Structures are given as structure tokens and as C-alpha cells.
>>> print(open('data06.txt').read())   # compact mmCIF, C-alpha atoms and all ligand atoms
# COMPACT_ATOMS: atom_id res chain seq x y z
CA MET A 1 -12.95 -44.78 -32.36
CA LYS A 2 -11.07 -47.58 -34.10
CA HIS A 3 -7.31 -47.53 -33.80
CA GLU A 4 -4.98 -50.45 -33.51
CA TRP A 5 -2.44 -50.49 -30.70
CA PRO A 6 1.11 -50.06 -32.02
CA LEU A 7 3.35 -53.07 -32.58
CA TRP A 8 6.31 -53.65 -30.26
CA GLU A 9 9.29 -55.90 -30.77
CA ILE A 10 10.27 -57.85 -27.67
CA PHE A 11 13.83 -58.67 -26.58
CA ILE A 12 14.58 -60.92 -23.63
CA ARG A 13 17.75 -61.68 -21.70
CA GLY A 14 17.88 -65.32 -20.73
CA GLN A 15 19.36 -66.45 -17.48
CA HIS A 16 22.89 -67.09 -18.58
CA GLY A 17 24.31 -63.60 -18.90
CA LEU A 18 23.65 -63.50 -22.64
CA SER A 19 22.56 -60.49 -24.68
CA HIS A 20 18.90 -59.64 -25.06
CA ARG A 21 17.48 -61.65 -27.93
CA HIS A 22 14.50 -60.96 -30.16
CA VAL A 23 11.68 -63.35 -29.20
CA GLY A 24 8.65 -61.95 -30.99
CA SER A 25 6.27 -59.05 -31.00
CA LEU A 26 2.97 -57.89 -29.55
CA HIS A 27 0.54 -54.99 -29.60
CA ALA A 28 0.29 -52.62 -26.64
CA PRO A 29 -0.90 -49.04 -26.11
CA ASP A 30 2.38 -47.90 -24.53
CA ALA A 31 5.80 -49.10 -23.39
CA GLU A 32 4.69 -49.90 -19.87
CA MET A 33 1.90 -52.18 -21.06
CA ALA A 34 4.22 -53.69 -23.66
CA VAL A 35 6.61 -54.76 -20.87
CA LYS A 36 3.75 -56.18 -18.81
CA ASN A 37 2.29 -58.06 -21.74
CA ALA A 38 5.73 -59.35 -22.73
CA ARG A 39 6.14 -60.68 -19.20
CA ASP A 40 2.85 -62.57 -19.52
CA VAL A 41 3.42 -63.88 -23.03
CA TYR A 42 7.14 -64.55 -23.30
CA THR A 43 8.38 -65.39 -19.78
CA ARG A 44 5.77 -67.77 -18.40
CA ARG A 45 8.37 -70.53 -17.98
CA ASN A 46 11.42 -68.75 -16.60
CA GLU A 47 12.64 -67.71 -20.04
CA GLY A 48 14.15 -64.45 -18.90
CA VAL A 49 15.43 -62.03 -16.32
CA SER A 50 15.13 -58.78 -18.29
CA ILE A 51 12.86 -57.42 -21.03
CA TRP A 52 13.41 -54.70 -23.63
CA VAL A 53 10.58 -53.42 -25.79
CA VAL A 54 11.01 -51.25 -28.90
CA GLU A 55 8.20 -49.91 -30.98
CA ALA A 56 8.52 -51.71 -34.32
CA ARG A 57 8.44 -48.51 -36.39
CA HIS A 58 11.66 -47.35 -34.74
CA ILE A 59 13.68 -50.28 -36.04
CA ALA A 60 15.77 -49.56 -39.13
CA ALA A 61 16.94 -52.56 -41.12
CA SER A 62 19.25 -53.43 -43.98
CA VAL A 63 17.62 -53.98 -47.37
CA PRO A 64 17.32 -57.67 -48.35
CA SER A 65 17.99 -56.98 -52.04
CA GLU A 66 21.30 -55.34 -51.10
CA LYS A 67 22.45 -58.43 -49.25
CA GLY A 68 25.24 -59.03 -51.79
CA PRO A 69 27.03 -55.65 -51.73
CA MET A 70 26.36 -55.42 -48.02
CA PHE A 71 27.81 -58.70 -46.79
CA GLU A 72 29.85 -60.29 -49.56
CA PRO A 73 32.94 -58.05 -49.18
CA SER A 74 33.88 -59.81 -45.95
CA GLU A 75 33.91 -63.21 -47.66
CA SER A 76 37.20 -62.55 -49.45
CA LYS A 77 39.00 -61.24 -46.39
CA ILE A 78 40.10 -64.58 -45.10
CA TYR A 79 43.13 -63.02 -43.35
CA ARG A 80 40.68 -61.78 -40.72
CA HIS A 81 40.41 -65.32 -39.35
CA PRO A 82 43.02 -66.92 -37.08
CA THR A 83 43.08 -70.04 -39.27
CA PHE A 84 44.70 -67.99 -42.06
CA TYR A 85 48.02 -68.08 -40.23
CA ASP A 86 50.35 -71.04 -39.87
CA ILE A 87 52.06 -71.04 -36.54
CA PRO A 88 54.97 -73.49 -36.35
CA ASP A 89 54.34 -76.44 -34.03
CA GLU A 90 57.48 -75.58 -32.06
CA VAL A 91 55.86 -72.30 -30.99
CA GLY A 92 53.06 -74.17 -29.26
CA HIS A 93 49.51 -73.00 -28.64
CA MET A 94 48.64 -69.46 -29.71
CA MET B 1 -5.66 -79.25 -39.18
CA TYR B 2 -5.73 -75.92 -37.42
CA ALA B 3 -5.54 -74.80 -41.01
CA GLN B 4 -7.89 -76.91 -43.13
CA MET B 5 -8.80 -76.57 -46.80
CA ILE B 6 -6.51 -73.63 -47.42
CA LYS B 7 -7.05 -72.39 -50.95
CA SER B 8 -3.69 -71.70 -52.53
CA GLU B 9 -3.16 -68.99 -55.11
CA ALA B 10 -1.44 -69.41 -58.42
CA SER B 11 1.10 -66.80 -59.37
CA ASN B 12 1.56 -65.10 -62.71
CA GLU B 13 4.71 -63.20 -62.04
CA ASP B 14 8.06 -62.94 -63.78
CA PRO B 15 9.05 -66.61 -64.42
CA ALA B 16 12.70 -65.88 -63.68
CA LYS B 17 11.82 -64.49 -60.26
CA LEU B 18 9.49 -67.39 -59.54
CA GLU B 19 12.21 -69.83 -60.48
CA ALA B 20 14.80 -68.14 -58.27
CA PHE B 21 12.29 -68.14 -55.42
CA GLN B 22 11.57 -71.85 -55.88
CA ALA B 23 15.30 -72.54 -55.93
CA ARG B 24 15.70 -70.84 -52.56
CA ILE B 25 12.88 -72.97 -51.13
CA ASP B 26 14.31 -76.16 -52.61
CA ALA B 27 17.67 -75.32 -51.07
CA GLY B 28 15.97 -75.20 -47.67
CA GLU B 29 16.42 -71.46 -47.21
CA LYS B 30 13.92 -69.61 -45.06
CA ILE B 31 11.96 -66.77 -46.65
CA GLU B 32 11.93 -63.64 -44.50
CA PRO B 33 9.34 -60.85 -44.39
CA ARG B 34 11.11 -58.33 -46.58
CA ASP B 35 12.35 -60.83 -49.18
CA TRP B 36 10.68 -60.92 -52.57
CA MET B 37 7.90 -63.51 -52.67
CA PRO B 38 5.16 -64.41 -55.15
CA GLU B 39 1.79 -62.84 -54.38
CA GLY B 40 0.28 -66.33 -54.26
CA TYR B 41 2.75 -67.39 -51.60
CA ARG B 42 1.95 -64.32 -49.53
CA LYS B 43 -1.82 -64.72 -49.85
CA THR B 44 -1.80 -68.45 -49.14
CA LEU B 45 0.33 -67.89 -46.06
CA ILE B 46 -1.91 -65.12 -44.75
CA ARG B 47 -4.87 -67.43 -45.14
CA GLN B 48 -3.15 -70.39 -43.50
CA ILE B 49 -1.44 -68.56 -40.63
CA GLY B 50 -4.58 -66.48 -40.04
CA GLN B 51 -6.75 -69.58 -39.83
CA HIS B 52 -4.23 -71.20 -37.54
CA ALA B 53 -4.25 -68.12 -35.27
CA HIS B 54 -8.06 -68.02 -35.19
CA SER B 55 -8.10 -71.70 -34.22
CA GLU B 56 -5.82 -71.08 -31.23
CA VAL B 57 -8.07 -68.30 -29.99
CA VAL B 58 -11.45 -69.93 -30.67
CA GLY B 59 -9.98 -73.13 -29.22
CA GLN B 60 -9.90 -71.44 -25.83
CA LEU B 61 -13.70 -71.44 -25.69
CA PRO B 62 -14.51 -75.15 -25.29
CA GLU B 63 -11.89 -75.45 -22.54
CA GLY B 64 -12.53 -72.11 -20.89
CA ASN B 65 -16.02 -73.48 -20.43
CA TRP B 66 -14.67 -75.84 -17.74
CA ILE B 67 -12.18 -73.68 -15.83
CA THR B 68 -14.64 -72.75 -13.10
CA ARG B 69 -15.83 -76.34 -12.80
CA ALA B 70 -12.53 -78.20 -12.74
CA PRO B 71 -12.67 -81.05 -10.18
CA THR B 72 -9.71 -79.87 -8.07
CA LEU B 73 -7.76 -76.67 -7.54
CA GLU B 74 -4.72 -78.28 -9.16
CA ARG B 75 -6.66 -79.26 -12.29
CA LYS B 76 -8.06 -75.74 -12.40
CA ALA B 77 -4.60 -74.12 -12.24
CA ILE B 78 -3.37 -76.51 -14.96
CA LEU B 79 -6.31 -75.84 -17.27
CA LEU B 80 -5.98 -72.10 -16.74
CA ALA B 81 -2.29 -72.25 -17.67
CA LYS B 82 -3.11 -74.34 -20.73
CA VAL B 83 -5.80 -71.98 -21.96
CA GLN B 84 -3.49 -69.02 -21.34
CA ASP B 85 -0.86 -70.72 -23.52
CA GLU B 86 -3.41 -70.93 -26.34
CA ALA B 87 -3.92 -67.16 -26.18
CA GLY B 88 -0.15 -66.83 -26.55
CA HIS B 89 -0.19 -69.20 -29.53
CA GLY B 90 -2.80 -67.00 -31.16
CA LEU B 91 -0.58 -63.99 -30.57
CA TYR B 92 2.57 -65.60 -32.02
CA LEU B 93 0.62 -66.56 -35.13
CA TYR B 94 -1.12 -63.22 -35.62
CA SER B 95 2.33 -61.61 -35.29
CA ALA B 96 3.70 -63.94 -37.97
CA ALA B 97 0.78 -63.07 -40.26
CA GLU B 98 1.34 -59.36 -39.66
CA THR B 99 4.82 -59.60 -41.14
CA LEU B 100 3.06 -60.34 -44.45
CA GLY B 101 1.34 -56.98 -44.55
CA VAL B 102 -2.03 -57.66 -42.94
CA SER B 103 -3.01 -56.31 -39.53
CA ARG B 104 -4.31 -58.39 -36.65
CA ASP B 105 -7.49 -56.34 -36.46
CA GLU B 106 -8.15 -56.95 -40.16
CA LEU B 107 -7.80 -60.70 -39.64
CA ILE B 108 -10.11 -60.62 -36.63
CA GLU B 109 -12.68 -58.67 -38.61
CA LEU B 110 -12.51 -61.19 -41.46
CA LEU B 111 -13.14 -63.98 -38.95
CA HIS B 112 -16.10 -62.15 -37.44
CA GLU B 113 -17.56 -61.46 -40.88
CA GLY B 114 -17.37 -65.20 -41.62
CA LYS B 115 -14.78 -64.63 -44.36
CA MET B 116 -12.09 -66.61 -42.56
CA LYS B 117 -12.36 -69.95 -40.84
CA TYR B 118 -10.97 -71.76 -37.82
CA SER B 119 -10.52 -75.48 -37.22
CA SER B 120 -13.69 -77.57 -37.42
CA ILE B 121 -12.83 -79.33 -34.15
CA PHE B 122 -13.78 -76.34 -32.00
CA ASN B 123 -17.36 -76.51 -33.15
CA TYR B 124 -17.93 -79.60 -31.02
CA PRO B 125 -19.10 -79.20 -27.42
CA THR B 126 -17.23 -80.14 -24.24
CA LEU B 127 -20.03 -81.79 -22.30
CA ASN B 128 -18.22 -82.95 -19.18
CA TRP B 129 -14.81 -83.11 -17.51
CA ALA B 130 -13.76 -86.20 -19.45
CA ASP B 131 -14.05 -84.14 -22.62
CA ILE B 132 -11.45 -81.71 -21.28
CA GLY B 133 -9.03 -84.58 -20.78
CA ALA B 134 -9.84 -85.92 -24.25
CA VAL B 135 -9.36 -82.51 -25.86
CA GLY B 136 -5.88 -82.08 -24.40
CA TRP B 137 -4.93 -85.63 -25.27
CA LEU B 138 -6.48 -85.95 -28.76
CA VAL B 139 -6.95 -82.41 -30.09
CA ASP B 140 -3.65 -81.04 -28.87
CA GLY B 141 -2.09 -84.39 -29.72
CA ALA B 142 -3.27 -84.03 -33.32
CA ALA B 143 -2.18 -80.39 -33.37
CA ILE B 144 1.32 -81.40 -32.25
CA VAL B 145 1.68 -83.87 -35.11
CA ASN B 146 0.85 -81.08 -37.54
CA GLN B 147 2.87 -78.38 -35.83
CA VAL B 148 6.03 -80.45 -35.43
CA ALA B 149 6.03 -80.89 -39.22
CA LEU B 150 5.38 -77.17 -39.75
CA GLN B 151 8.52 -76.22 -37.86
CA ARG B 152 10.19 -76.91 -41.21
CA THR B 153 7.87 -74.61 -43.17
CA SER B 154 9.64 -72.21 -45.53
CA TYR B 155 8.41 -68.92 -44.09
CA GLY B 156 10.78 -67.84 -41.29
CA PRO B 157 8.32 -66.13 -38.91
CA TYR B 158 5.81 -69.01 -39.24
CA SER B 159 8.51 -71.58 -38.63
CA ARG B 160 9.78 -69.74 -35.55
CA ALA B 161 6.24 -69.44 -34.17
CA MET B 162 5.87 -73.21 -34.61
CA VAL B 163 9.10 -73.90 -32.75
CA ARG B 164 7.88 -71.81 -29.82
CA ILE B 165 4.43 -73.37 -29.87
CA CYS B 166 5.76 -76.93 -30.01
CA LYS B 167 7.80 -76.28 -26.87
CA GLU B 168 4.57 -75.47 -25.04
CA GLU B 169 2.29 -78.07 -26.62
CA SER B 170 3.61 -81.25 -25.07
CA PHE B 171 2.44 -79.99 -21.68
CA HIS B 172 -1.04 -79.67 -23.21
CA ALA B 173 -1.20 -83.22 -24.46
CA ARG B 174 0.30 -84.66 -21.30
CA GLN B 175 -2.02 -82.87 -18.92
CA GLY B 176 -4.96 -84.08 -21.03
CA TYR B 177 -3.78 -87.67 -20.96
CA ASP B 178 -3.19 -87.39 -17.22
CA ALA B 179 -6.77 -86.16 -16.70
CA ILE B 180 -8.36 -88.87 -18.84
CA ARG B 181 -6.14 -91.52 -17.26
CA ALA B 182 -7.45 -90.56 -13.82
CA MET B 183 -10.95 -91.23 -15.13
CA ALA B 184 -10.15 -94.39 -17.08
CA PHE B 185 -8.68 -95.87 -13.89
CA GLY B 186 -11.40 -94.36 -11.69
CA THR B 187 -14.92 -95.54 -10.84
CA PRO B 188 -16.98 -97.42 -13.44
CA ALA B 189 -19.00 -94.27 -14.05
CA GLN B 190 -15.83 -92.24 -14.63
CA LYS B 191 -14.51 -94.90 -16.98
CA ARG B 192 -17.76 -94.78 -18.96
CA GLN B 193 -17.39 -91.00 -19.30
CA ALA B 194 -13.81 -91.40 -20.52
CA GLN B 195 -14.97 -93.95 -23.12
CA ASP B 196 -17.81 -91.71 -24.21
CA ALA B 197 -15.46 -88.72 -24.64
CA LEU B 198 -13.07 -90.83 -26.73
CA ASP B 199 -15.89 -92.17 -28.88
CA ARG B 200 -17.33 -88.74 -29.58
CA LEU B 201 -14.05 -86.92 -30.22
CA TRP B 202 -12.14 -89.56 -32.20
CA PHE B 203 -13.51 -88.84 -35.67
CA PRO B 204 -13.65 -85.05 -35.22
CA ALA B 205 -9.96 -85.28 -34.21
CA LEU B 206 -9.16 -87.23 -37.40
CA MET B 207 -11.00 -84.58 -39.42
CA MET B 208 -8.61 -81.95 -38.10
CA PHE B 209 -6.08 -83.02 -40.73
CA GLY B 210 -8.51 -82.20 -43.53
CA PRO B 211 -9.78 -84.41 -46.36
CA SER B 212 -7.50 -86.76 -48.24
CA ASP B 213 -4.90 -85.02 -50.37
CA ALA B 214 -6.11 -86.97 -53.37
CA GLU B 215 -9.18 -84.73 -53.25
CA SER B 216 -7.39 -81.57 -52.25
CA VAL B 217 -6.69 -79.25 -55.18
CA HIS B 218 -4.73 -76.85 -53.01
CA SER B 219 -2.09 -79.12 -51.59
CA GLU B 220 0.30 -79.35 -54.51
CA GLN B 221 1.37 -75.71 -54.74
CA SER B 222 1.53 -75.42 -50.95
CA MET B 223 3.77 -78.46 -50.78
CA ALA B 224 6.05 -77.10 -53.51
CA TRP B 225 6.39 -73.84 -51.60
CA LYS B 226 6.82 -75.74 -48.32
CA ILE B 227 3.92 -73.89 -46.80
CA LYS B 228 2.72 -77.40 -46.11
CA VAL B 229 5.37 -79.94 -45.29
CA LYS B 230 3.54 -83.26 -45.05
CA SER B 231 0.32 -84.45 -46.65
CA ASN B 232 -2.94 -84.61 -44.72
CA ASP B 233 -3.06 -88.40 -45.00
CA GLU B 234 0.50 -88.84 -43.82
CA LEU B 235 -0.12 -86.71 -40.74
CA ARG B 236 -3.41 -88.46 -39.97
CA GLN B 237 -1.75 -91.86 -40.16
CA GLN B 238 1.02 -90.69 -37.85
CA PHE B 239 -1.56 -89.50 -35.32
CA VAL B 240 -3.51 -92.77 -35.45
CA ASP B 241 -0.35 -94.85 -35.05
CA GLN B 242 0.83 -92.94 -32.02
CA THR B 243 -2.57 -92.76 -30.32
CA ILE B 244 -3.79 -96.37 -30.46
CA PRO B 245 -1.23 -97.71 -27.95
CA GLN B 246 -2.24 -94.83 -25.66
CA ILE B 247 -5.89 -95.92 -25.87
CA GLU B 248 -4.91 -99.50 -25.16
CA TYR B 249 -2.93 -98.49 -22.09
CA LEU B 250 -6.04 -96.80 -20.70
CA GLY B 251 -7.99 -100.04 -21.10
CA LEU B 252 -10.61 -98.27 -23.19
CA ASP B 253 -12.30 -99.81 -26.22
CA LEU B 254 -11.06 -98.62 -29.61
CA PRO B 255 -13.43 -95.95 -30.93
CA ASP B 256 -13.58 -97.50 -34.41
CA PRO B 257 -14.18 -101.20 -35.24
CA GLY B 258 -12.15 -100.65 -38.40
CA ILE B 259 -8.91 -100.23 -36.49
CA THR B 260 -6.55 -103.14 -37.16
CA TRP B 261 -2.79 -103.47 -37.34
CA ASN B 262 -1.67 -103.88 -40.94
CA GLU B 263 1.49 -105.93 -40.94
CA ASP B 264 2.33 -105.18 -44.59
CA ARG B 265 2.03 -101.43 -44.30
CA GLY B 266 3.49 -101.29 -40.80
CA HIS B 267 0.63 -99.00 -39.84
CA TYR B 268 -2.84 -99.23 -38.36
CA ASP B 269 -5.77 -99.33 -40.76
CA PHE B 270 -8.75 -97.26 -39.68
CA SER B 271 -12.12 -96.05 -40.95
CA GLU B 272 -12.51 -92.76 -42.78
CA PRO B 273 -14.37 -90.07 -40.89
CA ASP B 274 -17.72 -89.02 -42.32
CA TRP B 275 -16.58 -86.25 -44.62
CA SER B 276 -20.09 -84.98 -45.22
CA GLU B 277 -20.19 -84.14 -41.51
CA PHE B 278 -16.88 -82.32 -41.88
CA PHE B 279 -18.09 -80.19 -44.80
CA ASN B 280 -21.27 -79.43 -42.95
CA VAL B 281 -19.34 -78.22 -39.88
CA ILE B 282 -17.00 -76.15 -42.06
CA LYS B 283 -20.05 -74.56 -43.66
CA GLY B 284 -21.20 -73.35 -40.26
CA ASN B 285 -23.64 -76.08 -39.30
CA GLY B 286 -21.72 -77.86 -36.55
CA PRO B 287 -23.18 -78.15 -33.05
CA CYS B 288 -21.43 -75.01 -31.73
CA ASN B 289 -20.52 -72.76 -34.69
CA VAL B 290 -23.11 -70.12 -33.84
CA ASP B 291 -22.17 -70.00 -30.15
CA ARG B 292 -18.44 -69.84 -30.84
CA MET B 293 -18.74 -66.88 -33.19
CA ALA B 294 -21.19 -65.11 -30.89
CA ASP B 295 -18.77 -65.51 -27.97
CA ARG B 296 -15.81 -64.27 -30.02
CA LYS B 297 -17.70 -61.23 -31.26
CA ALA B 298 -19.00 -60.41 -27.81
CA ALA B 299 -15.48 -60.61 -26.36
CA TRP B 300 -14.19 -58.31 -29.10
CA ASP B 301 -17.05 -55.81 -28.93
CA ASP B 302 -17.25 -55.75 -25.13
CA GLY B 303 -13.50 -55.15 -24.95
CA ALA B 304 -13.55 -52.21 -27.35
CA TRP B 305 -13.84 -49.58 -24.62
CA VAL B 306 -10.81 -51.03 -22.83
CA ARG B 307 -8.68 -50.96 -25.97
CA ASP B 308 -9.79 -47.42 -26.78
CA GLY B 309 -9.40 -46.22 -23.21
CA LEU B 310 -5.84 -47.53 -22.86
CA LEU B 311 -4.86 -45.95 -26.16
CA ALA B 312 -6.41 -42.60 -25.18
CA HIS B 313 -4.52 -42.76 -21.87
CA ALA B 314 -1.24 -43.55 -23.65
CA ARG B 315 -1.70 -40.61 -25.99
CA LYS B 316 -2.54 -38.22 -23.16
CA LYS B 317 0.57 -39.29 -21.26
CA GLN B 318 2.70 -38.89 -24.36
CA ALA B 319 1.37 -35.38 -24.96
CA ALA B 320 2.06 -34.45 -21.33
CA ASN B 321 5.62 -35.80 -21.61
CA LEU B 322 6.22 -33.79 -24.77
CA ALA B 323 4.87 -30.63 -23.14
CA ALA B 324 7.18 -31.15 -20.16
CA GLU B 325 10.31 -31.48 -22.34
FE FE A 401 -1.99 -74.14 -29.27
FE FE A 402 -2.42 -76.58 -27.20
>>> encode(input="data06.txt", output="C-alpha cells", more="lines below")
Ligand SMILES: [Fe+2]
Ligand SMILES: [Fe+2]
Amino acid sequence: MKHEWPLWEIFIRGQHGLSHRHVGSLHAPDAEMAVKNARDVYTRRNEGVSIWVVEARHIAASVPSEKGPMFEPSESKIYRHPTFYDIPDEVGHM
Amino acid sequence: MYAQMIKSEASNEDPAKLEAFQARIDAGEKIEPRDWMPEGYRKTLIRQIGQHAHSEVVGQLPEGNWITRAPTLERKAILLAKVQDEAGHGLYLYSAAETLGVSRDELIELLHEGKMKYSSIFNYPTLNWADIGAVGWLVDGAAIVNQVALQRTSYGPYSRAMVRICKEESFHARQGYDAIRAMAFGTPAQKRQAQDALDRLWFPALMMFGPSDAESVHSEQSMAWKIKVKSNDELRQQFVDQTIPQIEYLGLDLPDPGITWNEDRGHYDFSEPDWSEFFNVIKGNGPCNVDRMADRKAAWDDGAWVRDGLLAHARKKQAANLAAE
């Protein structure tokens, strides 16, 4: 028998109430082992307080070659930013 | 270095695409796994990252050799943690290589078939405890010089692996220096062992950076693609310059009579390693090549039933869960 363990993507929540962040990947036979291995590999120096694992094949991603049509439309919509608006000094902080 | 003598591939793809790719690199952009890249870039990276990964894993052997014989419980816990880090470094790098479309098992098989290499340094023996100190200090010290530069490499996953690794490496060098310092300031016999370890490992450590770039046909393309960021000679000089004051602090003799401060260059001069020895070790004829590969293969083969068993168990559980739904 010669089968490779599936690949898992590892997400870790750091200590400061932040979101889980992608830190890397590893191979494991199942989710339980993936969590245990992630603990050993990615949190040996207090890097986290919570671990998520997702099998890599379940991740859907945007297509790099469509980066333009995908993300450029927001570039022209400068009115979405607070700096677009002039607030008179007399009004004070807003 | 951990990746020595990496043969780079030329590319004969659409010139417009190659040009656009080079422009991205020149602009300092990172290349990500699903971006278009020249086949030569992909192949060279697989070779380099794969060799780097193999070096981390094989590099555990000379140090693992001393875990059970560490002089104190504290030194043992430190060495164990250090060697465990190296396993992690191997994992980060295999993961980075896998984003290029090769599997970890394929890379491991290529290593075991002798079709891929690992750093020449790990084919030297660790004869006594002083060698363990010297390995952390000099070998990891040399690796850091290389890996700090590689944090700026153009391939995103490789660069991120380097950032992670560099965070862990300075512990490696410092614990090594701490161990050798205890011996250099210890009994006369301990000091002799420290000197002997330095003398034996100095030139093999310099060889880690690979032969001079003047002789390296592969460097130019790799530099243009920022797969390599600094030349072998530049990195070697940086290592020599930072290490000599550390030797002097220990009160040990310099391991090379050719070492002198060169006022004009603002660097230390030093003797070239014996490159015929290097090529001989790379070819498989170093003192420990045969043992290292035998140990790696045995670990892989003896672990096969565990890998298979865990996978069979996972599949059985999955089937039972599906049936219960
Ligand atoms: Fe390492
Ligand atoms: Fe290390």
C-alpha cells in the first residue's frame, strides 16, 4: 500500500483576540491528527490559543489571471473612503 | 549552502510572458503558486527547496546522535527542542515545494534514490559533545546567513518559510555557542576538544555556501529570478566576518593561518576550502554519506506500517461516519 496522507491547511488564532490566520500546511491521515500535528509544528513557542485545520482540497480560490476584473473595479470607487469627504473644520472631528 | 550547486533551467517560452514575469520580479513582487511562471523557474525552485528540505531532515542525524548522551538534563532538553525544530523546518520547506506541483513523497523518493542531494556538511561526523556545540554555532550560524538573505527570495511560499525558519534559528546558533563556550572556558581537556571541533568543522562550514560564483554556471539565472539573492562568495565572507570575533572571544586559536584582517577591503581574508574534498563529499564519498542515507531509508521504510495503518484507520472511521449519517 502506498498512499500519501492528505494535505491540510493550518489556521491559528494568536493570543490577541485576532482572527485565525493561515500559517502553513502539513500532511495528516485525518482531522484529529492534523490538529495534533499542527500543535506540535506551529505552536511550540506560544504562537496560538486555537487551531483550525481544513483539508486543502476543500479550499476554493479566486483565479490569479482574473485578478484585474476581480479587484480593479473597487479602485475607482474612491467615495467609499472617508478621506473622499471634506468636513469643515468648524464641525470638528468626525 | 543547504542548497548547493543547484542546476538552473533555461526557459524557452513565449518571450512576452517571460519579460512580463521578469518585470514582476524586478519590481519586487512575490510570485505565488497559481501565478504563471516559466518552467525553468518552477524546476529550479523544486530542486533548490527540495534540497533545502532534505538538508533540514538529514541534518537531524548528526545531532540526534548525541541526544541520549548530552552532559546534563538541561542540555538534553535544549538539543531535543533544537532537533525537533529542524523537523519542522523540513516540513515548512516540503510544503513550499509542494505548492509547485511535486509531492513530498516524490521528493523523499528522489532523495533515497540518490537523485536529489542534501547539504555536504551533514556528511561529517559528530565525534563528541564539543562537535554538537560547534554544529549549532557554525553550521546553524552559516545557515542563518544564507536564510536571512533568502527571506527576500521571489517565490512567496519559500520566502514565508524562510521568515518562519529564521525566527527559530537564532536559538540554534545561540545554544551552540553557549555549549562550546562552556567547554572553551572549562578544563584544559574540554578546551582542547572545543579547539579540535572548531578546527575540523571550520572548512566544511565554509563549503556550505558552495564554490565561488565565478565557477558556478547556475548562479546567473537564479540571481535574475531572485531564487538566489546573494552570491556564494558574498555570503561566505559575511559568515567569516561575523564568526572570527566570536572565536576570539572564546580564546581559541583561529582555525586557518590565512585569516587576517584586510584594512583595504574592510573584511577578513581567509584560505579557500579544499574544493576537491567538497566535490568528493557531494559525489557520495564523504565520511558519513552511506550511513546518513541508510538511516534515512530505514526511518522511512520502518515507518511505512505506521503511515499505512493511520490512513486505513482514518478511512474506516470515515466510512463508519458516512454509514451513520
Ligand atoms: Fe533548520
Ligand atoms: Fe537550525
>>> residues_near_point(input="data06.txt", point="(9.8, -58.1, -24.2)", cutoff="12 Å", atoms="only C-alpha atoms", output="MDAnalysis selection string")
chainID A and resid 7:14 20:28 31:44 47:55
>>> atom_distance(input="data06.txt", atom1="atom CA of Pro211 of chain B", atom2="atom CA of Val145 of chain B")
16.1 Å
>>> atom_distance(input="data06.txt", atom1="atom CA of Thr126 of chain B", atom2="atom CA of Asn65 of chain B")
7.8 Å
>>> closest_atom_pairs(input="data06.txt", of="chain B", to="ligand FE 401 (chain A)", cutoff="10 Å", atoms="all atoms listed in the file", output="Markdown table")
| residue | atom | partner | partner_atom | distance |
| --- | --- | --- | --- | --- |
| B:Tyr2 | CA | A:FE401 | FE | 9.1 |
| B:His52 | CA | A:FE401 | FE | 9.1 |
| B:Ala53 | CA | A:FE401 | FE | 8.8 |
| B:Ser55 | CA | A:FE401 | FE | 8.2 |
| B:Glu56 | CA | A:FE401 | FE | 5.3 |
| B:Val57 | CA | A:FE401 | FE | 8.5 |
| B:Gly59 | CA | A:FE401 | FE | 8.1 |
| B:Gln60 | CA | A:FE401 | FE | 9.0 |
| B:Lys82 | CA | A:FE401 | FE | 8.6 |
| B:Val83 | CA | A:FE401 | FE | 8.5 |
| B:Gln84 | CA | A:FE401 | FE | 9.6 |
| B:Asp85 | CA | A:FE401 | FE | 6.8 |
| B:Glu86 | CA | A:FE401 | FE | 4.6 |
| B:Ala87 | CA | A:FE401 | FE | 7.9 |
| B:Gly88 | CA | A:FE401 | FE | 8.0 |
| B:His89 | CA | A:FE401 | FE | 5.3 |
| B:Gly90 | CA | A:FE401 | FE | 7.4 |
| B:Leu93 | CA | A:FE401 | FE | 9.9 |
| B:Val139 | CA | A:FE401 | FE | 9.7 |
| B:Asp140 | CA | A:FE401 | FE | 7.1 |
| B:Ala143 | CA | A:FE401 | FE | 7.5 |
| B:Ile144 | CA | A:FE401 | FE | 8.5 |
| B:Gln147 | CA | A:FE401 | FE | 9.2 |
| B:Met162 | CA | A:FE401 | FE | 9.5 |
| B:Ile165 | CA | A:FE401 | FE | 6.5 |
| B:Cys166 | CA | A:FE401 | FE | 8.3 |
| B:Glu168 | CA | A:FE401 | FE | 7.9 |
| B:Glu169 | CA | A:FE401 | FE | 6.4 |
| B:Ser170 | CA | A:FE401 | FE | 10.0 |
| B:His172 | CA | A:FE401 | FE | 8.3 |
>>> interface_residues(input="data06.txt", of="chain A", to="chain B", cutoff="8 Å", atoms="all atoms listed in the file", output="PyMOL selection string")
chain A and resi 1-5+24-26+29-30+41+63-65
>>> atom_distance(input="data06.txt", atom1="atom CA of Arg296 of chain B", atom2="atom CA of Met207 of chain B")
22.9 Å
>>> closest_residue(input="data06.txt", among="B:Arg24, B:His112, B:Lys43, B:Lys283", to="Asp301 of chain B", atoms="all atoms listed in the file")
B:His112
>>> residues_around(input="data06.txt", residues="Glu277 of chain B", least_positions_apart="4", cutoff="10 Å", atoms="all atoms listed in the file", output="ChimeraX atom specification")
/B:204,207,273,281-283,285-286
>>> residues_around(input="data06.txt", residues="Asp26 of chain B", least_positions_apart="4", cutoff="9 Å", atoms="all atoms listed in the file", output="PDB file with C-alpha atoms, keeping the file's coordinate frame")
ATOM      1  CA  PHE B  21      12.290 -68.140 -55.420  1.00  0.00           C
ATOM      2  CA  GLN B  22      11.570 -71.850 -55.880  1.00  0.00           C
ATOM      3  CA  ALA B 224       6.050 -77.100 -53.510  1.00  0.00           C
ATOM      4  CA  TRP B 225       6.390 -73.840 -51.600  1.00  0.00           C
ATOM      5  CA  LYS B 226       6.820 -75.740 -48.320  1.00  0.00           C
TER       6      LYS B 226
END
>>> closest_residue(input="data06.txt", among="B:Val58, B:Trp137, B:Trp300, B:Ser154", to="Met223 of chain B", atoms="all atoms listed in the file")
B:Ser154
>>> residues_near_point(input="data06.txt", point="(2.0, -61.7, -44.6)", cutoff="7 Å", atoms="all atoms listed in the file", output="VMD selection string")
chain B and resid 42 45 to 46 97 to 102
